[in-house]
Amino acid sequence: MTAMESADDAPALPSPAAVRELTRDRPVLAATLCCLLSFTAFWVVQRLADVTMIDLMVYRAEGWTARTGHDLYDMRATEAGLPNTYPPFAALLFMPLTLVGVPEMRTLATLGNLALLVALVHLALRLTGRPLPVSRPAAALALSAAVVWCEPIWTTLRYGQINLLLTVLVLWDLTRRPGDAGYRWVGLGIGIAAGIKLTPALFAVLLTTAGLVRAWQRLRARSRTGPAQDPGRTGLLQACWNPLLRQAVTACAAFLGTVLLAGLLMPRDSHRFWTEVVFSANRPGHVEQTANQSLRGLLARLLHTPEPGVWWLAAAAVVTLAGLAAGTAALLAGLEAWAVSACAVTALLISPVAWSHHWVWCVPLLLLLGSEALRRSGRRLWRAGTVATGLLFCSYALWWVPHTPGERAELRQHAGQMLLSGGYPLFGAAFLCLAAVVAVRARRRQAVAKE
């Protein structure tokens with residue numbers, strides 16, 4: 001055999017491009033396996049815990065009530081006699097739940113929520129905008145395997161809640177950039193989410209506030225140029241109009257569309273919701289329950305009263321102004337992740353009732369803090385904050401205090417129990433302070449750079 005024949009018979013070595021192609025998907029495959037194992041363990045543990053998915057049963061009852069034409073807000077579902085607290089548009093979306101059996105509905109809801117969790121992590125990573133050592137799908141799958149065990153995520157799947165869908169709708173809007181498909185429709189997800197549950201409407205308020213500030217800045221800049229540089233070819237409206245205002249208008253239009261659709265199909269229920277139910281802050285349950293992780297719940301436990309009244313109104317007003325100011329400053333400084341997170345935390349704090357499972361926003365918050373810990377020079381402090389935040393949301397500490405339904409033991413909590421049951425709102429207040437500092441410093445750097 002000649003040397004030439006030996007070389008021809010030897011197996012050809014793969015090219016560098018082929019090697020990269022073969023190894024590129026390994027992180028994705030490993031992350032997929034890790035995610036499936038974690039999700040399977042999660043599913044088994046929840047089945048062993050005999051979760052009832054009680055809120056999903058309420059959604060099914062709402063869909064059935066809307067389908068049969070009965071009074072949506074006289075309805076009581078499950079053995080607990082839970083009422084409907086959502087806008088009537090939500091009941092229209094829940095009608096398909098009545099088309100399958102209860103076991104199938106629970107299985108589909110669990111699978112859907114797990115898929116939404118992966119989508120949430122993917123969008124949160126996109127929001128932070130930090131380069132990753134692996135592809136974003138691999139990172140999203142690996143992180144989803146871990147955050148599924150956070151208390152808000154566990155409780156969301158335990159009750160069959162809709163929180164992950166609402167969060168994904170909002171982030172789907174706010175992570176799209178110019179040039180992305182559907183960018184001109186940014187705001188649609190926020191409007192639909194607000195039509196299902198009112199709390200996401202605060203994101204439209206943030207966009208409006210930031211858009212008005214940007215319009216004012218443009219007017220100031222236009223006035224400084226003088227008539228020689230700006231002969232007035234563009235009208236005042238064109239000078240003020242900006243993408244933030246367009247997104248806010250789209251969100252408001254989408255929300256009004258949900259209201260009008262529900263009003264046409266369910267006029268009686270719509271009238272009752274917007275004239276009566278929307279003002280019933282105590283309708284979801286006792287405000288002092290440890291599961292209520294809003295400012296109102298925290299103050300009710302702190303003051304040992306089921307109705308904190310003016311104290312809550314004053315605190316909510318201050319937090320609303322502070323949160324919107326921090327979010328607006330961050331958004332105008334180009335810190336979208338901080339702006340979105342500040343707005344989400346503000347909405348949770350000022351809501352009359354923010355059950356612990358509403359805090360699924362802990363996932364974007366954790367990823368944001370973790371990203372800052374990897375990026376900033378003072379990493380130790382940021383890493384400590386990230387770890388502390390992860391421990392808070394994975395500790396289930398709010399359930400360590402007496403919380404037997406009907407006994408209202410939360411009204412008799414001592415200082416240590418109040419601290420355990422107030423972890424989320426206390427973290428939220430601290431996060432808003434941090435967001436304000438980060439936004440102000442970024443704005444100052446921008447001002448110095450312009451000079």
# chains A, B, ... in the order shown; residues from 1 in each chain; ligands from 1
>>> residues_around(residues="stretch 371-385 of chain A", least_positions_apart="6", cutoff="12 Å", atoms="only C-alpha atoms", output="list in words")
Ala124, Leu125, Arg126, Leu127, Thr128, Gly129, Arg130, Pro131, Leu132, Pro133, Leu335, Ala337, Trp338, Pro364, Leu365, Leu391, Leu392, Phe427, Ala430, Phe431, Leu434, Ala435 and Val438 of chain A
>>> residues_around(residues="stretch 267-281 of chain A", least_positions_apart="2", cutoff="9 Å", atoms="only C-alpha atoms", output="ChimeraX atom specification")
/A:71-73,85-89,259,262-265,283-285,287,352-353
>>> write_last_selection(atoms="N, CA and C atoms", output="short mmCIF file (atom, residue, chain, number, x, y, z; two decimals), in the first residue's frame")
data_model
loop_
_atom_site.label_atom_id
_atom_site.label_comp_id
_atom_site.auth_asym_id
_atom_site.auth_seq_id
_atom_site.Cartn_x
_atom_site.Cartn_y
_atom_site.Cartn_z
N ASP A 71 -74.84 35.18 36.87
CA ASP A 71 -74.19 36.37 37.43
C ASP A 71 -72.75 36.03 37.84
N LEU A 72 -71.79 36.72 37.22
CA LEU A 72 -70.39 36.40 37.40
C LEU A 72 -69.89 36.75 38.80
N TYR A 73 -70.46 37.77 39.40
CA TYR A 73 -69.94 38.24 40.69
C TYR A 73 -70.80 37.83 41.88
N THR A 85 -62.83 37.92 41.37
CA THR A 85 -62.33 39.28 41.60
C THR A 85 -61.74 39.90 40.33
N TYR A 86 -61.72 39.17 39.22
CA TYR A 86 -61.10 39.67 38.00
C TYR A 86 -62.12 40.41 37.14
N PRO A 87 -61.66 41.25 36.22
CA PRO A 87 -62.57 41.88 35.25
C PRO A 87 -63.29 40.82 34.41
N PRO A 88 -64.43 41.15 33.86
CA PRO A 88 -65.20 40.15 33.10
C PRO A 88 -64.48 39.64 31.87
N PHE A 89 -63.55 40.40 31.32
CA PHE A 89 -62.80 39.92 30.15
C PHE A 89 -62.07 38.63 30.47
N VAL A 259 -62.16 45.93 27.62
CA VAL A 259 -63.34 46.43 28.36
C VAL A 259 -64.56 46.47 27.46
N ALA A 262 -65.81 42.86 26.57
CA ALA A 262 -66.56 42.28 27.69
C ALA A 262 -67.88 42.99 27.89
N GLY A 263 -67.88 44.32 27.67
CA GLY A 263 -69.13 45.07 27.82
C GLY A 263 -70.19 44.66 26.81
N LEU A 264 -69.75 44.34 25.59
CA LEU A 264 -70.69 43.91 24.56
C LEU A 264 -71.24 42.52 24.85
N LEU A 265 -70.37 41.62 25.30
CA LEU A 265 -70.78 40.23 25.51
C LEU A 265 -71.40 39.99 26.89
N ARG A 283 -62.70 42.08 49.01
CA ARG A 283 -63.37 40.94 48.38
C ARG A 283 -62.46 39.71 48.26
N PRO A 284 -61.15 39.88 47.97
CA PRO A 284 -60.31 38.67 47.82
C PRO A 284 -60.10 37.89 49.11
N GLY A 285 -60.24 38.52 50.28
CA GLY A 285 -60.03 37.81 51.55
C GLY A 285 -59.53 38.75 52.62
N VAL A 287 -57.34 40.94 54.74
CA VAL A 287 -56.18 41.70 54.30
C VAL A 287 -54.93 41.35 55.11
N PRO A 352 -54.02 46.51 46.82
CA PRO A 352 -54.68 46.19 48.10
C PRO A 352 -54.34 44.79 48.59
N VAL A 353 -54.25 43.85 47.66
CA VAL A 353 -53.87 42.48 47.99
C VAL A 353 -52.86 42.02 46.97
#
>>> residues_around(residues="A:Trp361", least_positions_apart="5", cutoff="12 Å", atoms="only C-alpha atoms", output="MDAnalysis selection string")
chainID A and resid 117 120:121 123:124 147 150:153 156 163:168 170:171 200 337 340:348 354 356 366:368 393 424 428
>>> residues_around(residues="A:Pro402", least_positions_apart="3", cutoff="12 Å", atoms="only C-alpha atoms", output="mmCIF file with N, CA, C and O atoms, in the first residue's frame")
data_model
loop_
_atom_site.group_PDB
_atom_site.id
_atom_site.type_symbol
_atom_site.label_atom_id
_atom_site.label_comp_id
_atom_site.auth_asym_id
_atom_site.auth_seq_id
_atom_site.Cartn_x
_atom_site.Cartn_y
_atom_site.Cartn_z
ATOM 1 N N GLN A 289 -53.855 38.490 56.124
ATOM 2 C CA GLN A 289 -53.308 37.154 55.909
ATOM 3 C C GLN A 289 -51.827 37.223 55.554
ATOM 4 O O GLN A 289 -51.389 38.106 54.806
ATOM 5 N N THR A 290 -51.060 36.287 56.070
ATOM 6 C CA THR A 290 -49.623 36.291 55.819
ATOM 7 C C THR A 290 -49.307 36.161 54.336
ATOM 8 O O THR A 290 -48.255 36.611 53.870
ATOM 9 N N ALA A 291 -50.207 35.565 53.575
ATOM 10 C CA ALA A 291 -50.008 35.452 52.125
ATOM 11 C C ALA A 291 -50.086 36.800 51.430
ATOM 12 O O ALA A 291 -49.591 36.942 50.307
ATOM 13 N N ALA A 397 -40.278 31.657 54.175
ATOM 14 C CA ALA A 397 -40.292 32.142 55.562
ATOM 15 C C ALA A 397 -41.652 32.686 55.976
ATOM 16 O O ALA A 397 -42.024 32.618 57.150
ATOM 17 N N LEU A 398 -42.411 33.233 55.036
ATOM 18 C CA LEU A 398 -43.703 33.805 55.407
ATOM 19 C C LEU A 398 -44.674 32.754 55.923
ATOM 20 O O LEU A 398 -45.637 33.084 56.632
ATOM 21 N N TRP A 399 -44.401 31.478 55.601
ATOM 22 C CA TRP A 399 -45.287 30.403 56.069
ATOM 23 C C TRP A 399 -44.820 29.822 57.396
ATOM 24 O O TRP A 399 -45.415 28.867 57.882
ATOM 25 N N PRO A 405 -56.359 29.262 58.583
ATOM 26 C CA PRO A 405 -57.509 29.994 58.035
ATOM 27 C C PRO A 405 -58.638 30.101 59.061
ATOM 28 O O PRO A 405 -58.968 29.133 59.746
ATOM 29 N N GLY A 406 -59.213 31.287 59.162
ATOM 30 C CA GLY A 406 -60.345 31.507 60.049
ATOM 31 C C GLY A 406 -59.982 31.986 61.439
ATOM 32 O O GLY A 406 -60.784 32.639 62.108
ATOM 33 N N GLU A 407 -58.767 31.686 61.890
ATOM 34 C CA GLU A 407 -58.380 32.088 63.246
ATOM 35 C C GLU A 407 -57.834 33.508 63.315
ATOM 36 O O GLU A 407 -57.751 34.088 64.392
ATOM 37 N N ARG A 408 -57.409 34.063 62.186
ATOM 38 C CA ARG A 408 -56.896 35.431 62.073
ATOM 39 C C ARG A 408 -55.753 35.669 63.060
ATOM 40 O O ARG A 408 -55.656 36.711 63.710
ATOM 41 N N ALA A 409 -54.878 34.661 63.144
ATOM 42 C CA ALA A 409 -53.744 34.751 64.067
ATOM 43 C C ALA A 409 -52.763 35.839 63.661
ATOM 44 O O ALA A 409 -51.971 36.308 64.482
ATOM 45 N N GLU A 410 -52.801 36.254 62.402
ATOM 46 C CA GLU A 410 -51.877 37.285 61.937
ATOM 47 C C GLU A 410 -52.080 38.621 62.646
ATOM 48 O O GLU A 410 -51.169 39.451 62.685
ATOM 49 N N LEU A 411 -53.270 38.840 63.198
ATOM 50 C CA LEU A 411 -53.528 40.090 63.918
ATOM 51 C C LEU A 411 -52.860 40.099 65.289
ATOM 52 O O LEU A 411 -52.869 41.130 65.975
ATOM 53 N N ARG A 412 -52.277 38.976 65.691
ATOM 54 C CA ARG A 412 -51.640 38.884 67.013
ATOM 55 C C ARG A 412 -50.151 38.540 66.884
ATOM 56 O O ARG A 412 -49.551 38.008 67.806
ATOM 57 N N GLN A 413 -49.542 38.887 65.777
ATOM 58 C CA GLN A 413 -48.137 38.558 65.569
ATOM 59 C C GLN A 413 -47.215 39.428 66.439
ATOM 60 O O GLN A 413 -47.479 40.607 66.651
ATOM 61 N N HIS A 414 -46.116 38.822 66.891
ATOM 62 C CA HIS A 414 -45.100 39.611 67.579
ATOM 63 C C HIS A 414 -44.069 40.083 66.554
ATOM 64 O O HIS A 414 -44.160 39.767 65.351
ATOM 65 N N GLY A 416 -40.956 39.362 65.741
ATOM 66 C CA GLY A 416 -40.252 38.374 64.929
ATOM 67 C C GLY A 416 -41.141 37.783 63.844
ATOM 68 O O GLY A 416 -40.703 37.582 62.707
ATOM 69 N N GLN A 417 -42.393 37.492 64.184
ATOM 70 C CA GLN A 417 -43.315 36.947 63.201
ATOM 71 C C GLN A 417 -43.640 37.969 62.118
ATOM 72 O O GLN A 417 -43.778 37.624 60.940
ATOM 73 N N MET A 418 -43.756 39.238 62.521
ATOM 74 C CA MET A 418 -44.007 40.287 61.525
ATOM 75 C C MET A 418 -42.866 40.385 60.534
ATOM 76 O O MET A 418 -43.075 40.609 59.332
ATOM 77 N N LEU A 420 -40.856 37.956 59.598
ATOM 78 C CA LEU A 420 -40.921 36.801 58.709
ATOM 79 C C LEU A 420 -42.043 36.950 57.683
ATOM 80 O O LEU A 420 -41.869 36.605 56.511
ATOM 81 N N SER A 421 -43.184 37.443 58.118
ATOM 82 C CA SER A 421 -44.335 37.543 57.220
ATOM 83 C C SER A 421 -44.317 38.809 56.377
ATOM 84 O O SER A 421 -45.210 39.006 55.552
#
>>> select_by_dssp(residues="stretch 260-448 of chain A", states="helix (DSSP H, G or I)", output="JSON, numbers by chain")
{"A": [260, 261, 262, 263, 264, 265, 267, 268, 269, 270, 271, 272, 273, 274, 275, 277, 278, 279, 295, 296, 297, 298, 299, 300, 301, 302, 303, 310, 311, 312, 313, 314, 315, 316, 317, 318, 319, 320, 321, 322, 323, 324, 325, 326, 327, 328, 329, 330, 331, 332, 336, 337, 338, 339, 340, 341, 342, 343, 344, 345, 346, 347, 348, 349, 350, 356, 357, 358, 359, 360, 361, 362, 363, 364, 365, 366, 367, 368, 369, 370, 371, 372, 373, 374, 375, 379, 380, 381, 382, 383, 384, 385, 386, 387, 388, 389, 390, 391, 392, 393, 394, 395, 397, 398, 399, 400, 409, 410, 411, 412, 415, 416, 417, 418, 419, 420, 421, 423, 424, 425, 426, 427, 428, 429, 430, 431, 432, 433, 434, 435, 436, 437, 438, 439, 440, 441, 442, 443, 444, 445, 446, 447, 448]}
>>> closest_residue(among="A:Gln247, A:Gln217, A:Gln161, A:Ser144", to="A:Val118", atoms="only C-alpha atoms")
A:Ser144
>>> decode(residues="stretch 413-424 of chain A", atoms="N, CA, C and O atoms", output="short mmCIF file (atom, residue, chain, number, x, y, z; two decimals), in the first residue's frame")
data_model
loop_
_atom_site.label_atom_id
_atom_site.label_comp_id
_atom_site.auth_asym_id
_atom_site.auth_seq_id
_atom_site.Cartn_x
_atom_site.Cartn_y
_atom_site.Cartn_z
N GLN A 413 -49.54 38.89 65.78
CA GLN A 413 -48.14 38.56 65.57
C GLN A 413 -47.22 39.43 66.44
O GLN A 413 -47.48 40.61 66.65
N HIS A 414 -46.12 38.82 66.89
CA HIS A 414 -45.10 39.61 67.58
C HIS A 414 -44.07 40.08 66.55
O HIS A 414 -44.16 39.77 65.35
N ALA A 415 -43.06 40.82 67.00
CA ALA A 415 -42.12 41.47 66.09
C ALA A 415 -41.41 40.48 65.19
O ALA A 415 -41.25 40.71 63.97
N GLY A 416 -40.96 39.36 65.74
CA GLY A 416 -40.25 38.37 64.93
C GLY A 416 -41.14 37.78 63.84
O GLY A 416 -40.70 37.58 62.71
N GLN A 417 -42.39 37.49 64.18
CA GLN A 417 -43.31 36.95 63.20
C GLN A 417 -43.64 37.97 62.12
O GLN A 417 -43.78 37.62 60.94
N MET A 418 -43.76 39.24 62.52
CA MET A 418 -44.01 40.29 61.52
C MET A 418 -42.87 40.39 60.53
O MET A 418 -43.08 40.61 59.33
N LEU A 419 -41.66 40.24 61.02
CA LEU A 419 -40.50 40.30 60.14
C LEU A 419 -40.51 39.15 59.14
O LEU A 419 -40.24 39.34 57.94
N LEU A 420 -40.86 37.96 59.60
CA LEU A 420 -40.92 36.80 58.71
C LEU A 420 -42.04 36.95 57.68
O LEU A 420 -41.87 36.60 56.51
N SER A 421 -43.18 37.44 58.12
CA SER A 421 -44.34 37.54 57.22
C SER A 421 -44.32 38.81 56.38
O SER A 421 -45.21 39.01 55.55
N GLY A 422 -43.34 39.67 56.58
CA GLY A 422 -43.26 40.91 55.80
C GLY A 422 -42.04 40.98 54.92
O GLY A 422 -41.63 42.07 54.49
N GLY A 423 -41.44 39.82 54.63
CA GLY A 423 -40.19 39.81 53.88
C GLY A 423 -40.29 40.40 52.49
O GLY A 423 -39.42 41.19 52.08
N TYR A 424 -41.35 40.07 51.75
CA TYR A 424 -41.45 40.54 50.37
C TYR A 424 -41.64 42.06 50.30
O TYR A 424 -40.93 42.73 49.54
#
